[in-house]
Amino acid sequence: MLLGKQFGDAGDVVVVEEFLTGEEASYFVIVDAKGNILPLQSAQDHKAAYDGDRGPNTGGMGAYSPAPVVDAQVETKVLETIIEPLVRGLDKEGCAFQGVIFAGLMINEQTGTPKVLEFNVRFGDPECEVLMHRLRSDLLEVLVASCEGRLGEKEVEWRPDPALVVVMAASGYPGAYEKGTRIGGLEKRGRKEEDLKVFHANTKLDDETGDVLAAGGRVLAVTASGSSVKAAQEKAYEGVDAIDWPEGFCRRDIGWRAIAREEE
């Protein structure tokens, strides 16, 4: 990298970083330009394409919220040592931020100390689906309050039950995959609307036949809630199994970390 200039000028400097071990999770807040911080919720996604966290990384094959690893103590640490200093620092540098902050975290299993892997300014996918499934408050009102500097007067109400989403992707994803395959069974979900939702990520409607067709890599996000992560998982896979899409696939172990905790 250095002598051979394999990466051009980018190889002139090498940054040595601490090797982080633990469990990854995400935490979300909304802030306004006055420095008000409205905490939202945590989530945990599954990046690997196949069961057992095997295979290539993807944009996310499933997620659940809340993430059990982010307990009350960890959440306090995240807010006090990461989010609040970030918001204050941005304001001090003259670039006060308003909107969504998504903190990608590594939680040390021994100490519960959270460290930052990345920041994003979005809800993320598939984290967004489980957050929206649990959200009772009007998101638009919260976003407008962020724009107007009124987050200090806002509170957010959440459904207490956990939510879990299973992503259905086109076979071959994240590599080459076929587009235009027919997806059937979307009307046979078998659950009340509040229990199970199917979010469309990459679909299109055939104007001639009325069929729903796959139009991308990650295509559907089947999302359910339940009294436990296990119950939410069972409902989500019930929804997945009602969908007739031979050219699609999904992981069958979404939520395994949280379920293992529930069964301890």
# chains A, B, ... in the order shown; residues from 1 in each chain; ligands from 1

$ select_by_dssp --residues "segment 55-191 of chain A" --states "strand (DSSP E)" --output "count of residues only"
33

$ residues_around --residues "segment 149-160 of chain A" --least-positions-apart "5" --cutoff "12 Å" --atoms "only C-alpha atoms" --output "number ranges by chain"
A: 29-42, 65-66, 96-99, 130-144, 194-195, 225-229

$ residues_around --residues "Gly248 of chain A" --least-positions-apart "3" --cutoff "6 Å" --atoms "only C-alpha atoms" --output "ChimeraX atom specification"
/A:169-171,245

$ write_last_selection --atoms "N, CA, C and O atoms" --output "PDB file, in the first residue's frame"
ATOM      1  N   ALA A 169     -35.318 -10.971  -0.705  1.00  0.00           N
ATOM      2  CA  ALA A 169     -34.467 -10.456  -1.773  1.00  0.00           C
ATOM      3  C   ALA A 169     -34.514 -11.373  -2.979  1.00  0.00           C
ATOM      4  O   ALA A 169     -34.897 -12.550  -2.885  1.00  0.00           O
ATOM      5  N   ALA A 170     -34.107 -10.832  -4.115  1.00  0.00           N
ATOM      6  CA  ALA A 170     -34.052 -11.629  -5.338  1.00  0.00           C
ATOM      7  C   ALA A 170     -32.880 -12.605  -5.268  1.00  0.00           C
ATOM      8  O   ALA A 170     -31.788 -12.251  -4.821  1.00  0.00           O
ATOM      9  N   SER A 171     -33.108 -13.836  -5.690  1.00  0.00           N
ATOM     10  CA  SER A 171     -32.051 -14.850  -5.684  1.00  0.00           C
ATOM     11  C   SER A 171     -30.830 -14.341  -6.440  1.00  0.00           C
ATOM     12  O   SER A 171     -30.943 -13.818  -7.542  1.00  0.00           O
ATOM     13  N   TRP A 245     -43.195 -16.432  -4.195  1.00  0.00           N
ATOM     14  CA  TRP A 245     -42.150 -15.811  -5.017  1.00  0.00           C
ATOM     15  C   TRP A 245     -40.962 -16.776  -5.105  1.00  0.00           C
ATOM     16  O   TRP A 245     -40.004 -16.669  -4.350  1.00  0.00           O
TER      17      TRP A 245
END

$ select_by_dssp --residues "segment 37-117 of chain A" --states "alpha helix (DSSP H)" --output "MDAnalysis selection string"
chainID A and resid 72:78 84:92

$ write_last_selection --atoms "all heavy atoms" --output "tab-separated table (two decimals), in the first residue's frame"
chain	number	residue	atom	x	y	z
A	72	ALA	N	-31.07	-0.03	29.63
A	72	ALA	CA	-31.20	1.34	30.14
A	72	ALA	C	-29.84	1.96	30.44
A	72	ALA	O	-29.60	3.15	30.16
A	72	ALA	CB	-32.08	1.36	31.38
A	73	GLN	N	-28.93	1.17	30.99
A	73	GLN	CA	-27.60	1.70	31.32
A	73	GLN	C	-26.81	2.04	30.06
A	73	GLN	O	-26.16	3.08	29.99
A	73	GLN	CB	-26.83	0.69	32.18
A	73	GLN	CG	-27.37	0.54	33.59
A	73	GLN	CD	-26.54	-0.42	34.42
A	73	GLN	OE1	-25.97	-1.38	33.88
A	73	GLN	NE2	-26.45	-0.17	35.71
A	74	VAL	N	-26.87	1.15	29.08
A	74	VAL	CA	-26.16	1.41	27.82
A	74	VAL	C	-26.76	2.62	27.12
A	74	VAL	O	-26.03	3.48	26.59
A	74	VAL	CB	-26.19	0.18	26.90
A	74	VAL	CG1	-25.65	0.51	25.52
A	74	VAL	CG2	-25.41	-0.97	27.52
A	75	GLU	N	-28.08	2.73	27.14
A	75	GLU	CA	-28.73	3.87	26.50
A	75	GLU	C	-28.28	5.19	27.14
A	75	GLU	O	-28.00	6.17	26.43
A	75	GLU	CB	-30.25	3.74	26.60
A	75	GLU	CG	-31.00	4.88	25.90
A	75	GLU	CD	-32.49	4.69	25.94
A	75	GLU	OE1	-33.00	4.02	26.86
A	75	GLU	OE2	-33.19	5.22	25.04
A	76	THR	N	-28.18	5.22	28.45
A	76	THR	CA	-27.71	6.42	29.13
A	76	THR	C	-26.29	6.77	28.70
A	76	THR	O	-25.96	7.93	28.43
A	76	THR	CB	-27.76	6.23	30.66
A	76	THR	OG1	-29.13	6.02	31.06
A	76	THR	CG2	-27.21	7.44	31.39
A	77	LYS	N	-25.44	5.75	28.59
A	77	LYS	CA	-24.06	5.99	28.14
A	77	LYS	C	-24.03	6.52	26.72
A	77	LYS	O	-23.24	7.42	26.40
A	77	LYS	CB	-23.25	4.69	28.24
A	77	LYS	CG	-22.97	4.21	29.66
A	77	LYS	CD	-22.19	2.90	29.62
A	77	LYS	CE	-21.92	2.37	31.02
A	77	LYS	NZ	-21.20	1.06	30.99
A	78	VAL	N	-24.88	5.97	25.86
A	78	VAL	CA	-24.91	6.42	24.47
A	78	VAL	C	-25.28	7.90	24.40
A	78	VAL	O	-24.65	8.69	23.69
A	78	VAL	CB	-25.90	5.57	23.65
A	78	VAL	CG1	-26.11	6.18	22.26
A	78	VAL	CG2	-25.41	4.14	23.53
A	84	GLU	N	-24.90	13.51	22.99
A	84	GLU	CA	-24.86	14.88	23.49
A	84	GLU	C	-23.55	15.59	23.13
A	84	GLU	O	-23.59	16.74	22.65
A	84	GLU	CB	-25.10	14.90	25.00
A	84	GLU	CG	-26.53	14.50	25.37
A	84	GLU	CD	-26.74	14.36	26.87
A	84	GLU	OE1	-25.81	14.68	27.65
A	84	GLU	OE2	-27.84	13.91	27.27
A	85	PRO	N	-22.38	14.96	23.29
A	85	PRO	CA	-21.14	15.62	22.83
A	85	PRO	C	-21.13	15.90	21.32
A	85	PRO	O	-20.60	16.92	20.89
A	85	PRO	CB	-20.05	14.63	23.22
A	85	PRO	CG	-20.63	13.84	24.35
A	85	PRO	CD	-22.08	13.71	24.02
A	86	LEU	N	-21.71	14.99	20.54
A	86	LEU	CA	-21.77	15.21	19.10
A	86	LEU	C	-22.59	16.45	18.77
A	86	LEU	O	-22.15	17.31	17.99
A	86	LEU	CB	-22.38	13.99	18.42
A	86	LEU	CG	-22.70	14.14	16.92
A	86	LEU	CD1	-21.43	14.32	16.11
A	86	LEU	CD2	-23.52	12.97	16.42
A	87	VAL	N	-23.76	16.56	19.35
A	87	VAL	CA	-24.64	17.70	19.06
A	87	VAL	C	-23.99	19.00	19.52
A	87	VAL	O	-24.02	20.01	18.81
A	87	VAL	CB	-26.02	17.49	19.72
A	87	VAL	CG1	-26.90	18.73	19.58
A	87	VAL	CG2	-26.72	16.28	19.09
A	88	ARG	N	-23.40	18.99	20.72
A	88	ARG	CA	-22.72	20.19	21.21
A	88	ARG	C	-21.54	20.56	20.31
A	88	ARG	O	-21.30	21.73	20.01
A	88	ARG	CB	-22.24	19.99	22.65
A	88	ARG	CG	-23.35	19.94	23.68
A	88	ARG	CD	-22.77	20.14	25.09
A	88	ARG	NE	-21.75	19.16	25.41
A	88	ARG	CZ	-21.98	18.01	26.03
A	88	ARG	NH1	-23.21	17.68	26.37
A	88	ARG	NH2	-20.98	17.17	26.30
A	89	GLY	N	-20.79	19.55	19.88
A	89	GLY	CA	-19.63	19.81	19.04
A	89	GLY	C	-20.00	20.40	17.70
A	89	GLY	O	-19.34	21.32	17.20
A	90	LEU	N	-21.06	19.88	17.09
A	90	LEU	CA	-21.51	20.43	15.82
A	90	LEU	C	-21.92	21.89	15.97
A	90	LEU	O	-21.61	22.74	15.12
A	90	LEU	CB	-22.67	19.60	15.28
A	90	LEU	CG	-22.34	18.19	14.77
A	90	LEU	CD1	-23.60	17.41	14.48
A	90	LEU	CD2	-21.47	18.26	13.52
A	91	ASP	N	-22.64	22.19	17.05
A	91	ASP	CA	-23.06	23.56	17.28
A	91	ASP	C	-21.85	24.48	17.50
A	91	ASP	O	-21.80	25.60	16.98
A	91	ASP	CB	-24.00	23.62	18.49
A	91	ASP	CG	-24.51	25.02	18.76
A	91	ASP	OD1	-25.20	25.57	17.88
A	91	ASP	OD2	-24.21	25.57	19.85
A	92	LYS	N	-20.86	24.00	18.27
A	92	LYS	CA	-19.66	24.80	18.55
A	92	LYS	C	-18.90	25.12	17.28
A	92	LYS	O	-18.29	26.19	17.15
A	92	LYS	CB	-18.77	24.04	19.54
A	92	LYS	CG	-17.56	24.82	20.01
A	92	LYS	CD	-16.78	24.03	21.05
A	92	LYS	CE	-15.56	24.82	21.51
A	92	LYS	NZ	-14.78	24.05	22.55

$ residues_around --residues "Leu117 of chain A" --least-positions-apart "4" --cutoff "8 Å" --atoms "only C-alpha atoms" --output "ChimeraX atom specification"
/A:103-106

$ closest_residue --among "A:Met61, A:Val16, A:Ala224, A:Ala48" --to "Phe249 of chain A" --atoms "only C-alpha atoms"
A:Met61

$ closest_residue --among "A:Glu17, A:Glu109, A:Glu129, A:Glu234" --to "Trp256 of chain A" --atoms "only C-alpha atoms"
A:Glu234

$ closest_residue --among "A:Leu186, A:Ala214, A:Val100, A:Val165" --to "Ile243 of chain A" --atoms "only C-alpha atoms"
A:Leu186

$ closest_residue --among "A:Gln110, A:Ala215, A:Gly210, A:Lys115" --to "Phe19 of chain A" --atoms "only C-alpha atoms"
A:Lys115

$ atom_distance --atom1 "atom CA of Val212 of chain A" --atom2 "atom CA of Thr181 of chain A"
8.5 Å

$ atom_distance --atom1 "atom CA of Glu23 of chain A" --atom2 "atom CA of Arg257 of chain A"
9.6 Å
